[in-house]
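J.: So that we are looking at the same thing, I have put the structure below in structure tokens.
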Amino acid sequence: MCYKYVIPYKDFHDCKKILVQRGNVYLQNVAQSRHKIARLFNPFIRDGSCILTHSFSRVVLKVLEEAAESKKRFNVYVTESNPDQSGKKMAKELELLGIPVCVILDAAAGYIMEKIDMVLVGAEGVVESGGIINKIGSYQIATCAKVANKPFYVISLFYPYRSVLTR
């Protein structure tokens, strides 16, 4: 029986069907949330902006896509994001959208900071204190942005919210 976790179905196939339906609703909500976030963030990206992003984020990609669709011209610097080089995936997606992009070494983020107008990153998780869990190197980029007085935006859906236990 599938009574555990509040799904009161005796038959596995009925249980599977409801789980698939709930999964599809979740995916629709995620897509709608990305679109809403992109629309709300659009005024922050001005024509002629130069943006630095770190790693790959579907939400950040959607934000940049929305800005490009609204005929804003801007350039994006993307860190390689070692060791998995997820920044190269982001660069490829941006190129497909026709957005000018330049891949830089992770270590060059501080050097490029004087040329950019803002930093955009996604988040693997957001904790109760307001902190974020993200790709290695995000903290260093945020520190450089603070020193250079550049805005650092974390764009995330609500679902990555994490409760952190303290000892």
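The way I read the labels, and the way they are meant: chains A, B, ... in the order of the structure tokens, residue 1 as the first residue of every chain, and ligand 1 as the first ligand shown, with later ones counted on from there.
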Determine which residues of segment 61-166 of chain A receive a DSSP assignment of strand (DSSP E or B), computed from the backbone, and state them as a PyMOL selection string.

T.: chain A and resi 74-79+101-104+118-121+125-127+132-133+152-154+161-162

J.: Can I get the selection written as a short mmCIF file (atom, residue, chain, number, x, y, z; two decimals), in the first residue's frame, with N, CA and C atoms?

T.:
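So the final result, stored in again-v2.cif, reads:
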```
data_model
loop_
_atom_site.label_atom_id
_atom_site.label_comp_id
_atom_site.auth_asym_id
_atom_site.auth_seq_id
_atom_site.Cartn_x
_atom_site.Cartn_y
_atom_site.Cartn_z
N PHE A 74 23.18 44.51 -24.42
CA PHE A 74 24.07 44.35 -23.28
C PHE A 74 25.07 43.25 -23.58
N ASN A 75 26.16 43.26 -22.84
CA ASN A 75 27.20 42.24 -22.96
C ASN A 75 27.26 41.43 -21.67
N VAL A 76 27.66 40.18 -21.81
CA VAL A 76 27.76 39.32 -20.64
C VAL A 76 29.15 38.69 -20.58
N TYR A 77 29.77 38.77 -19.42
CA TYR A 77 30.99 38.02 -19.13
C TYR A 77 30.55 36.83 -18.27
N VAL A 78 31.00 35.65 -18.64
CA VAL A 78 30.66 34.44 -17.90
C VAL A 78 31.96 33.77 -17.44
N THR A 79 32.05 33.47 -16.16
CA THR A 79 33.22 32.74 -15.69
C THR A 79 33.14 31.30 -16.17
N VAL A 101 28.65 37.45 -25.62
CA VAL A 101 29.16 36.82 -24.41
C VAL A 101 30.65 36.57 -24.54
N CYS A 102 31.35 36.68 -23.41
CA CYS A 102 32.78 36.40 -23.36
C CYS A 102 33.04 35.53 -22.13
N VAL A 103 33.68 34.39 -22.35
CA VAL A 103 34.02 33.49 -21.25
C VAL A 103 35.37 33.92 -20.68
N ILE A 104 35.41 34.05 -19.36
CA ILE A 104 36.65 34.45 -18.68
C ILE A 104 37.05 33.40 -17.66
N MET A 118 27.00 45.09 -13.18
CA MET A 118 26.36 44.28 -12.14
C MET A 118 26.79 42.83 -12.27
N VAL A 119 26.55 42.08 -11.19
CA VAL A 119 26.80 40.64 -11.18
C VAL A 119 25.47 39.95 -10.95
N LEU A 120 25.19 38.91 -11.74
CA LEU A 120 23.99 38.09 -11.58
C LEU A 120 24.40 36.65 -11.36
N VAL A 121 23.91 36.04 -10.30
CA VAL A 121 24.15 34.62 -10.07
C VAL A 121 22.84 33.96 -9.67
N GLY A 125 20.60 27.07 -3.30
CA GLY A 125 19.71 27.10 -2.15
C GLY A 125 19.79 28.44 -1.45
N VAL A 126 18.70 28.76 -0.76
CA VAL A 126 18.64 29.97 0.05
C VAL A 126 18.34 29.51 1.47
N VAL A 127 19.14 29.95 2.42
CA VAL A 127 18.96 29.50 3.81
C VAL A 127 18.14 30.52 4.60
N ILE A 132 23.14 32.32 0.84
CA ILE A 132 22.90 31.45 -0.31
C ILE A 132 23.89 30.31 -0.35
N ILE A 133 23.48 29.25 -0.98
CA ILE A 133 24.35 28.12 -1.28
C ILE A 133 24.50 28.14 -2.79
N PHE A 152 25.39 43.14 -6.68
CA PHE A 152 25.49 41.69 -6.78
C PHE A 152 24.10 41.13 -6.52
N TYR A 153 23.47 40.57 -7.55
CA TYR A 153 22.10 40.07 -7.44
C TYR A 153 22.09 38.55 -7.47
N VAL A 154 21.37 37.96 -6.52
CA VAL A 154 21.13 36.52 -6.51
C VAL A 154 19.69 36.32 -6.96
N TYR A 161 14.86 26.86 -1.05
CA TYR A 161 14.96 27.26 0.35
C TYR A 161 15.38 26.08 1.20
N ARG A 162 16.39 26.28 2.03
CA ARG A 162 16.94 25.22 2.86
C ARG A 162 16.91 25.65 4.34
#
```

J.: Mind listing the helix (DSSP H, G or I) residues of segment 77-148 of chain A, per DSSP on the backbone, as JSON, numbers by chain?

T.: {"A": [86, 87, 88, 89, 90, 91, 92, 93, 94, 95, 96, 106, 107, 108, 109, 110, 111, 112, 113, 114, 115, 138, 139, 140, 141, 142, 143, 144, 145, 146, 147]}

J.: Using Å and a single decimal, report how far atom CA of Arg34 of chain A sits from atom CA of Ile116 of chain A.

T.: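 Those two atoms sit 24.1 Å apart.
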
J.: Excluding same-chain residues fewer than 2 positions from Lys88 of chain A, what lies within 9 Å of it counting only C-alpha atoms, as JSON, numbers by chain?

T.: {"A": [55, 56, 78, 79, 80, 81, 85, 86, 90, 91, 92, 93, 103]}

J.: Pick from A:Arg39, A:Lys10, A:Lys135, A:Lys17: nearest to Ser70 of chain A, with only C-alpha atoms counted?

T.: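 Smallest distance to Ser70 of chain A is found for A:Arg39.
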
J.: Would you mind listing what lies within 9 Å of segment 144-149 of chain A as a ChimeraX atom specification, with only C-alpha atoms counted and same-chain residues fewer than 3 positions away left out?

T.: /A:109-110,113-114,118-119,139-141,152

J.: Restricting the output to C-alpha atoms, write the selected residues as a short mmCIF file (atom, residue, chain, number, x, y, z; two decimals), in the first residue's frame.

T.:
```cif
data_model
loop_
_atom_site.label_atom_id
_atom_site.label_comp_id
_atom_site.auth_asym_id
_atom_site.auth_seq_id
_atom_site.Cartn_x
_atom_site.Cartn_y
_atom_site.Cartn_z
CA ALA A 109 36.49 38.02 -12.10
CA GLY A 110 38.26 40.63 -9.95
CA MET A 113 34.92 43.97 -12.14
CA GLU A 114 35.78 47.55 -13.16
CA MET A 118 26.36 44.28 -12.14
CA VAL A 119 26.80 40.64 -11.18
CA TYR A 139 31.66 34.29 -2.43
CA GLN A 140 34.90 35.64 -3.91
CA ILE A 141 33.01 37.29 -6.76
CA PHE A 152 25.49 41.69 -6.78
#
```

J.: Between A:Glu65, A:Glu95, A:Asp117, A:Asp106, which has the minimum distance to Ile136 of chain A (counting only C-alpha atoms)?

T.: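 Among A:Glu65, A:Glu95, A:Asp117, A:Asp106, it is A:Asp106 that comes nearest to Ile136 of chain A.
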
J.: Just checking: using only C-alpha atoms, which residue out of A:Leu52, A:Ile155, A:Val63, A:Cys15 ends up closest to Lys115 of chain A?

T.: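 Among the listed residues, the smallest separation from Lys115 of chain A belongs to A:Leu52.
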